[in-house]
Amino acid sequence: MSPLTGQPPTAAARRRAAIAATLIAGLLCSTALAQQQPTAPATGAPAAPQAAPPQASPKKEQPPVLLEADQVDTDNDLGITTATGNVQLSQGGHVVLADTISYSERSNVITASGHVVMIQPDGEVMFGDYAELTEDQKQAFVDQSRMLLQDNSRLAGYQAERIDGRYTRVTRGTYSPCKLCEDDPTRPPTWQIRAKQVTHDNTSHDIYFRDATIEVAGVPITYLPAFSMPDPTVDRRSGFLTPTIGYNTNLGMFARVKYYYDISPDKDLLFDLLPSANDGLLLGTKYRQRFTNGYLELQGAATYTQNPQASSTGTISPTELRGWVQGIGRFDIDDSWRWGFDLNRVTDNNFLLRYNYSAEQLLTSRLYTEHFAGRDYFNAGIYGFQDLRPSNTLEEPVALPLITYSALGEPGDTLGGRWSFDAQYLDLWREQGVRSRRASQVSGWQGDYTNSLGMVTTVNALLRTDAYAIGNLKDAANGGPRDDFTRVRIFPQGQIMTRLPFVREDGTVSEMIEPIVAFTAAPNYHNSRDLPNEDSEDIEFDSTNLFRLSRYPGVDLLDGGQRVTYGVRAGVYGNGGGSSTLFFGQSYRLQHNTDFAVNSGLYSRQSDYVGRLELTPSPWMDISYGFRLDPTSGAQRMHDFTGSFGPSIFRVSGSYLYINKLELQNGTTADTTANLQEVSGGVTSSFLKYYTVGLSTRYNLAEGGGPVSTSLTTTYQDDCYTFSLIMERDYAQRVGLASGNRIYFRMIFNKLGTFVSPAFTGTSH
């Protein structure tokens with residue numbers, strides 16, 4: 001049986017095997033020498049050792065050689081054995097394929113010609129027209145070489161040498177990870193590196209370039225005298241990342257340099273240096289580490305510079321230390337317990353935006369522990385908040401602590417349903433302002449029942465208990481301090497909801513209509529103005545919370561009284577995945593309750609009509625439209641539209657939000673005259689295979705509003721290169737941050753890195 005083909009040997013094959021055995025014996029007892037002695041590799045690469053002369057090389061036991069060919073001939077006078085026709089030579093994981101392979105006993109050199117393919121144990125493949133190599137293939141010379149690396153990157157050159165089985169040096173080489181054009185393989189790839197000499201070190205896993213030029217579409221764009229990069233086997237490596245050099249109105253001329261330090265397989269460190277003309281030097285760092293039971297990530301930045309800010313006398317710019325720190329930690333204690341922290345604090349509102357770290361406007365910090373056990377969950381933590389929005393003037397509280405516990409019973413275990421229990425303790429502390437402590441528990445039960453007609457009935461019952469301790473509260477009449485007090489409230493609530501879906505199959509389409517009716521009962525509770533409202537300030541009444549037991553987003557305000565809620569849901573569903581659905585509903589309260597804001601949609605007994613239309617008939621159309629209408633006049637109270645239309649060659653997207661007389665303070669009957677009205681839109685077009693253009697804009701339509709932002713992006717992207725030209729205009733006005741125009745481009749080279757151009761900016765008026 002042949003070790004390579006797995007087929008029984010023929011007579012001819014047996015004769016070839018006998019001749020091959022003679023060749024193998026000669027190879028095993030000889031000392032090999034490549035045709036050319038190697039010299040030192042390119043500048044910047046470690047020196048490759050010189051090959052030892054034949055008489056100095058000690059004999060080494062070589063792995064067995066396997067040879068297969070259509071014909072093997074031996075010239076005893078010259079000491080040359082030649083194999084021709086589909087020749088395959090393998091030894092110790094090395095494989096050579098060629099049309100012809102010959103071995104000279106006198107020079108101890110193997111030569112291969114015609115469609116030469118040399119396969120290494122690590123998966124690297126070298127192609128050539130002609131090759132000379134030693135018996136162990138550690139020394140080799142290849143003419144018109146072409147290499148295929150492990151990630152399918154290509155390295156080609158005039159000639160290549162393998163030295164000591166470690167270095168592969170290519171003369172007049174070209175490297176590229178890009179695929180060649182199928183229609184015209186002679187065309188230059190999307191990007192490539194041309195170099196006078198390229199050396200690949202497969203021990204240190206580096207590729208060194210000397211006298212290199214980076215080309216895009218065959219056009220030279222950058223010259224580098226010498227540089228190196230990790231080969232495809234390297235996941236990460238210490239070194240400088242691609243720097244960013246630019247100019248903007250805030251920083252002036254600046255450069256951003258990052259150095260990545262690979263400490264060990266479980267930890268690394270990133271240094272971030274940002275010198276700028278206006279702010280001097282900013283220093284940043286990021287540290288990451290993995291543990292057997294969790295992970296840790298810490299980062300931050302600091303600079304000593306001016307901090308423009310508004311004051312009673314105008315804008316002031318004191319010089320002070322400005323900085324930011326962020327941390328994330330998650331650690332398992334055992335299979336059911338873990339602890340962690342989130343740290344996110346900054347010295348001022350503009351730091352993250354000014355130095356391009358983040359656009360977050362609300363930062364949360366916490367230290368917590370949590371427990372998971374089946375359907376039970378426990379969490380205890382300390383929480384702090386930082387609001388960076390310039391319009392915010394309220395002091396953010398600190399939760400010292402927030403403790404929650406939730407438990408859920410087995411489905412169908414209790415009276416055909418399941419029980420639930422939730423408990424919470426919250427202590428909110430402020431340096432100035434109201435301090436509140438609240439202990440709450442909610443015991444609930446839910447059951448789902450379906451009768452023979454297909455009617456689905458859901459029954460909910462809950463009992464809520466809240467105990468408050470309030471301190472540092474001001475008297476509403478005279479503004480003076482009030483005595484601390486405690487308050488306990490008990491609130492039961494129940495709901496019965498019935499749904500009766502009607503479904504019809506019509507060919508490849510399913511049609512459904514489902515009327516829904518619910519009755520909700522609770523004491524006609526009126527929320528006390530003495531109790532603080534920390535979590536229900538902003539209510540958004542729409543189709544998503546129409547049937548909920550409480551339409552408030554939090555628990556400080558209770559949704560009491562009795563009401564009937566009714567609605568209908570209809571839908572058309574295609575077997576191919578397309579669908580169109582419509583929901584429309586309303587609620588009617590049996591008692592009048594003025595706890596809800598006038599323009600919330602829930603102030604009157606008869607609530608506003610709410611609905612939502614969703615249309616997704618095909619991949620080229622996706623529409624979602626939510627609305628709220630006055631029940632008596634039909635006046636528009638809220639519109640929320642988002643949609644996208646068209647194929648990828650020309651796709652239009654947009655959104656529109658309108659809220660009539662936006663109510664900012666819930667729990668009062670005060671009205672406002674400020675409407676919220678905003679529109680945004682965009683167009684994207686993939687007009688060619690690799691090209692995309694996108695235009696987007698956002699506009700505030702309310703009184704005193706105006707444009708918010710506009711951007712235009714043009715992108716080319718293929719398998720190994722991305723180029724984006726970005727033009728932006730920001731109209732937002734912030735103290736210490738200039739708004740205006742910004743134009744820059746970004747290039748991403750696969751396997752090489754990202755380059756961001758200097759940004760051309762100008763202040764808008």
# chains A, B, ... in the order shown; residues from 1 in each chain; ligands from 1
call {"tool": "select_by_dssp", "arguments": {"residues": "segment 51-138 of chain A", "states": "strand (DSSP E)", "output": "VMD selection string"}}
result
chain A and resid 65 to 68 71 to 75 80 to 91 94 to 104 109 to 119 125 to 133
call {"tool": "select_by_dssp", "arguments": {"residues": "segment 240-440 of chain A", "states": "alpha helix (DSSP H)", "output": "PyMOL selection string"}}
result
chain A and resi 351-354
call {"tool": "atom_distance", "arguments": {"atom1": "atom CA of Ile110 of chain A", "atom2": "atom CA of Ser145 of chain A"}}
result
16.9 Å
call {"tool": "residues_around", "arguments": {"residues": "Phe755 of chain A", "least_positions_apart": "3", "cutoff": "10 Å", "atoms": "only C-alpha atoms", "output": "PyMOL selection string"}}
result
chain A and resi 241-245+723+745-749+752+758
call {"tool": "atom_distance", "arguments": {"atom1": "atom CA of Cys720 of chain A", "atom2": "atom CA of Arg162 of chain A"}}
result
28.0 Å
call {"tool": "residues_around", "arguments": {"residues": "Thr190 of chain A", "least_positions_apart": "5", "cutoff": "7 Å", "atoms": "only C-alpha atoms", "output": "PDB file with C-alpha atoms, in the first residue's frame"}}
result
ATOM      1  CA  CYS A 178      -5.453  41.078  -0.792  1.00  0.00           C
ATOM      2  CA  VAL A 216      -2.720  51.524  -3.182  1.00  0.00           C
ATOM      3  CA  ALA A 217      -4.108  50.350  -6.532  1.00  0.00           C
ATOM      4  CA  TYR A 721      -8.821  47.725   2.547  1.00  0.00           C
TER       5      TYR A 721
END
call {"tool": "decode", "arguments": {"residues": "segment 265-410 of chain A", "atoms": "C-alpha atoms", "output": "PDB file, in the first residue's frame"}}
result
ATOM      1  CA  PRO A 265      -0.837  36.090  27.783  1.00  0.00           C
ATOM      2  CA  ASP A 266      -3.266  37.196  30.500  1.00  0.00           C
ATOM      3  CA  LYS A 267      -2.503  40.934  30.704  1.00  0.00           C
ATOM      4  CA  ASP A 268      -1.571  43.911  28.531  1.00  0.00           C
ATOM      5  CA  LEU A 269      -1.066  47.669  28.767  1.00  0.00           C
ATOM      6  CA  LEU A 270      -1.722  50.548  26.371  1.00  0.00           C
ATOM      7  CA  PHE A 271      -0.056  53.962  26.643  1.00  0.00           C
ATOM      8  CA  ASP A 272      -1.776  56.975  25.048  1.00  0.00           C
ATOM      9  CA  LEU A 273       0.154  60.234  24.486  1.00  0.00           C
ATOM     10  CA  LEU A 274      -1.611  63.264  23.009  1.00  0.00           C
ATOM     11  CA  PRO A 275       0.525  66.413  22.639  1.00  0.00           C
ATOM     12  CA  SER A 276      -1.385  69.397  21.220  1.00  0.00           C
ATOM     13  CA  ALA A 277      -0.676  73.044  20.537  1.00  0.00           C
ATOM     14  CA  ASN A 278      -3.500  74.371  22.735  1.00  0.00           C
ATOM     15  CA  ASP A 279      -3.550  71.934  25.665  1.00  0.00           C
ATOM     16  CA  GLY A 280       0.001  70.695  25.978  1.00  0.00           C
ATOM     17  CA  LEU A 281       0.511  67.023  26.809  1.00  0.00           C
ATOM     18  CA  LEU A 282      -2.217  64.537  27.744  1.00  0.00           C
ATOM     19  CA  LEU A 283      -1.185  61.167  29.188  1.00  0.00           C
ATOM     20  CA  GLY A 284      -3.482  58.168  29.105  1.00  0.00           C
ATOM     21  CA  THR A 285      -3.251  54.462  29.795  1.00  0.00           C
ATOM     22  CA  LYS A 286      -5.361  51.309  29.651  1.00  0.00           C
ATOM     23  CA  TYR A 287      -4.640  48.083  31.559  1.00  0.00           C
ATOM     24  CA  ARG A 288      -6.392  44.735  31.049  1.00  0.00           C
ATOM     25  CA  GLN A 289      -5.990  41.436  32.848  1.00  0.00           C
ATOM     26  CA  ARG A 290      -7.791  38.100  32.804  1.00  0.00           C
ATOM     27  CA  PHE A 291      -8.019  35.880  35.870  1.00  0.00           C
ATOM     28  CA  THR A 292      -9.257  32.351  36.320  1.00  0.00           C
ATOM     29  CA  ASN A 293     -12.339  33.771  38.031  1.00  0.00           C
ATOM     30  CA  GLY A 294     -12.895  37.058  36.165  1.00  0.00           C
ATOM     31  CA  TYR A 295     -11.305  40.045  34.486  1.00  0.00           C
ATOM     32  CA  LEU A 296     -10.142  43.589  35.212  1.00  0.00           C
ATOM     33  CA  GLU A 297      -9.959  46.637  32.951  1.00  0.00           C
ATOM     34  CA  LEU A 298      -8.674  50.062  34.043  1.00  0.00           C
ATOM     35  CA  GLN A 299      -8.121  53.153  31.926  1.00  0.00           C
ATOM     36  CA  GLY A 300      -7.775  56.871  32.364  1.00  0.00           C
ATOM     37  CA  ALA A 301      -6.187  60.075  31.135  1.00  0.00           C
ATOM     38  CA  ALA A 302      -5.021  63.367  32.623  1.00  0.00           C
ATOM     39  CA  THR A 303      -3.694  66.744  31.535  1.00  0.00           C
ATOM     40  CA  TYR A 304      -2.929  70.068  33.188  1.00  0.00           C
ATOM     41  CA  THR A 305      -4.474  72.788  31.067  1.00  0.00           C
ATOM     42  CA  GLN A 306      -7.163  75.455  30.866  1.00  0.00           C
ATOM     43  CA  ASN A 307     -10.789  74.486  31.473  1.00  0.00           C
ATOM     44  CA  PRO A 308     -13.201  76.985  29.883  1.00  0.00           C
ATOM     45  CA  GLN A 309     -16.483  77.141  31.802  1.00  0.00           C
ATOM     46  CA  ALA A 310     -19.437  79.445  32.314  1.00  0.00           C
ATOM     47  CA  SER A 311     -19.742  81.593  35.439  1.00  0.00           C
ATOM     48  CA  SER A 312     -21.830  84.476  36.690  1.00  0.00           C
ATOM     49  CA  THR A 313     -19.282  86.892  35.208  1.00  0.00           C
ATOM     50  CA  GLY A 314     -19.047  85.158  31.817  1.00  0.00           C
ATOM     51  CA  THR A 315     -16.638  82.508  30.586  1.00  0.00           C
ATOM     52  CA  ILE A 316     -13.563  81.787  32.704  1.00  0.00           C
ATOM     53  CA  SER A 317     -10.647  79.492  31.834  1.00  0.00           C
ATOM     54  CA  PRO A 318      -8.689  78.461  34.927  1.00  0.00           C
ATOM     55  CA  THR A 319      -5.652  76.217  34.493  1.00  0.00           C
ATOM     56  CA  GLU A 320      -6.240  73.021  36.412  1.00  0.00           C
ATOM     57  CA  LEU A 321      -5.812  69.268  36.404  1.00  0.00           C
ATOM     58  CA  ARG A 322      -8.365  67.664  34.101  1.00  0.00           C
ATOM     59  CA  GLY A 323      -8.833  63.932  33.824  1.00  0.00           C
ATOM     60  CA  TRP A 324     -10.988  60.842  33.586  1.00  0.00           C
ATOM     61  CA  VAL A 325     -10.883  57.360  35.045  1.00  0.00           C
ATOM     62  CA  GLN A 326     -12.842  54.272  34.071  1.00  0.00           C
ATOM     63  CA  GLY A 327     -12.709  50.760  35.456  1.00  0.00           C
ATOM     64  CA  ILE A 328     -14.561  47.480  35.027  1.00  0.00           C
ATOM     65  CA  GLY A 329     -14.137  44.403  37.195  1.00  0.00           C
ATOM     66  CA  ARG A 330     -16.054  41.106  37.298  1.00  0.00           C
ATOM     67  CA  PHE A 331     -14.985  38.302  39.644  1.00  0.00           C
ATOM     68  CA  ASP A 332     -16.640  34.964  40.435  1.00  0.00           C
ATOM     69  CA  ILE A 333     -16.656  34.022  44.102  1.00  0.00           C
ATOM     70  CA  ASP A 334     -18.122  30.558  43.452  1.00  0.00           C
ATOM     71  CA  ASP A 335     -20.655  29.007  41.080  1.00  0.00           C
ATOM     72  CA  SER A 336     -23.496  31.244  42.311  1.00  0.00           C
ATOM     73  CA  TRP A 337     -21.856  34.372  43.761  1.00  0.00           C
ATOM     74  CA  ARG A 338     -19.815  37.083  42.074  1.00  0.00           C
ATOM     75  CA  TRP A 339     -18.782  40.657  42.773  1.00  0.00           C
ATOM     76  CA  GLY A 340     -17.763  43.515  40.539  1.00  0.00           C
ATOM     77  CA  PHE A 341     -17.398  47.233  40.064  1.00  0.00           C
ATOM     78  CA  ASP A 342     -17.876  49.916  37.415  1.00  0.00           C
ATOM     79  CA  LEU A 343     -15.949  53.154  37.842  1.00  0.00           C
ATOM     80  CA  ASN A 344     -16.599  56.105  35.543  1.00  0.00           C
ATOM     81  CA  ARG A 345     -15.757  59.628  36.695  1.00  0.00           C
ATOM     82  CA  VAL A 346     -14.506  62.752  34.945  1.00  0.00           C
ATOM     83  CA  THR A 347     -13.394  66.157  36.227  1.00  0.00           C
ATOM     84  CA  ASP A 348     -15.572  68.245  33.884  1.00  0.00           C
ATOM     85  CA  ASN A 349     -18.394  67.970  31.344  1.00  0.00           C
ATOM     86  CA  ASN A 350     -16.281  68.464  28.213  1.00  0.00           C
ATOM     87  CA  PHE A 351     -13.219  66.290  28.812  1.00  0.00           C
ATOM     88  CA  LEU A 352     -14.468  63.103  27.090  1.00  0.00           C
ATOM     89  CA  LEU A 353     -15.697  64.947  23.997  1.00  0.00           C
ATOM     90  CA  ARG A 354     -12.696  67.267  23.741  1.00  0.00           C
ATOM     91  CA  TYR A 355     -10.165  64.432  23.704  1.00  0.00           C
ATOM     92  CA  ASN A 356     -12.353  62.014  21.709  1.00  0.00           C
ATOM     93  CA  TYR A 357     -12.757  59.348  24.389  1.00  0.00           C
ATOM     94  CA  SER A 358     -16.545  59.050  24.589  1.00  0.00           C
ATOM     95  CA  ALA A 359     -19.850  60.762  23.784  1.00  0.00           C
ATOM     96  CA  GLU A 360     -21.576  59.461  26.935  1.00  0.00           C
ATOM     97  CA  GLN A 361     -23.673  62.024  28.793  1.00  0.00           C
ATOM     98  CA  LEU A 362     -24.562  60.029  31.939  1.00  0.00           C
ATOM     99  CA  LEU A 363     -21.803  58.170  33.792  1.00  0.00           C
ATOM    100  CA  THR A 364     -22.578  55.432  36.311  1.00  0.00           C
ATOM    101  CA  SER A 365     -20.252  54.036  38.969  1.00  0.00           C
ATOM    102  CA  ARG A 366     -21.076  51.090  41.203  1.00  0.00           C
ATOM    103  CA  LEU A 367     -19.652  48.487  43.560  1.00  0.00           C
ATOM    104  CA  TYR A 368     -21.817  45.395  43.916  1.00  0.00           C
ATOM    105  CA  THR A 369     -22.185  41.716  44.657  1.00  0.00           C
ATOM    106  CA  GLU A 370     -24.824  39.416  43.196  1.00  0.00           C
ATOM    107  CA  HIS A 371     -26.120  35.884  43.613  1.00  0.00           C
ATOM    108  CA  PHE A 372     -27.788  33.538  41.110  1.00  0.00           C
ATOM    109  CA  ALA A 373     -29.684  30.462  42.272  1.00  0.00           C
ATOM    110  CA  GLY A 374     -32.219  28.925  39.908  1.00  0.00           C
ATOM    111  CA  ARG A 375     -34.941  31.550  39.474  1.00  0.00           C
ATOM    112  CA  ASP A 376     -33.731  33.610  42.444  1.00  0.00           C
ATOM    113  CA  TYR A 377     -31.545  36.697  42.111  1.00  0.00           C
ATOM    114  CA  PHE A 378     -29.925  38.953  44.733  1.00  0.00           C
ATOM    115  CA  ASN A 379     -27.931  42.151  44.223  1.00  0.00           C
ATOM    116  CA  ALA A 380     -26.461  44.599  46.737  1.00  0.00           C
ATOM    117  CA  GLY A 381     -24.494  47.605  45.610  1.00  0.00           C
ATOM    118  CA  ILE A 382     -23.484  51.226  45.961  1.00  0.00           C
ATOM    119  CA  TYR A 383     -24.261  53.496  42.995  1.00  0.00           C
ATOM    120  CA  GLY A 384     -23.106  56.960  41.973  1.00  0.00           C
ATOM    121  CA  PHE A 385     -24.030  59.069  38.934  1.00  0.00           C
ATOM    122  CA  GLN A 386     -22.532  61.973  37.009  1.00  0.00           C
ATOM    123  CA  ASP A 387     -24.656  63.926  34.514  1.00  0.00           C
ATOM    124  CA  LEU A 388     -22.548  65.699  31.869  1.00  0.00           C
ATOM    125  CA  ARG A 389     -25.380  67.448  30.036  1.00  0.00           C
ATOM    126  CA  PRO A 390     -24.763  71.204  30.145  1.00  0.00           C
ATOM    127  CA  SER A 391     -28.429  71.980  30.953  1.00  0.00           C
ATOM    128  CA  ASN A 392     -28.447  69.802  34.078  1.00  0.00           C
ATOM    129  CA  THR A 393     -28.136  71.729  37.360  1.00  0.00           C
ATOM    130  CA  LEU A 394     -29.500  69.147  39.820  1.00  0.00           C
ATOM    131  CA  GLU A 395     -27.280  67.346  42.281  1.00  0.00           C
ATOM    132  CA  GLU A 396     -27.027  63.654  41.443  1.00  0.00           C
ATOM    133  CA  PRO A 397     -27.719  61.354  44.422  1.00  0.00           C
ATOM    134  CA  VAL A 398     -25.641  58.437  45.648  1.00  0.00           C
ATOM    135  CA  ALA A 399     -27.350  55.139  46.428  1.00  0.00           C
ATOM    136  CA  LEU A 400     -25.934  53.898  49.753  1.00  0.00           C
ATOM    137  CA  PRO A 401     -26.962  51.114  49.180  1.00  0.00           C
ATOM    138  CA  LEU A 402     -29.399  49.650  46.630  1.00  0.00           C
ATOM    139  CA  ILE A 403     -30.383  46.068  47.525  1.00  0.00           C
ATOM    140  CA  THR A 404     -32.733  43.986  45.375  1.00  0.00           C
ATOM    141  CA  TYR A 405     -34.032  40.428  45.595  1.00  0.00           C
ATOM    142  CA  SER A 406     -36.255  38.587  43.090  1.00  0.00           C
ATOM    143  CA  ALA A 407     -37.715  35.102  43.160  1.00  0.00           C
ATOM    144  CA  LEU A 408     -40.015  33.331  40.706  1.00  0.00           C
ATOM    145  CA  GLY A 409     -41.968  30.128  41.185  1.00  0.00           C
ATOM    146  CA  GLU A 410     -42.355  27.136  38.889  1.00  0.00           C
TER     147      GLU A 410
END
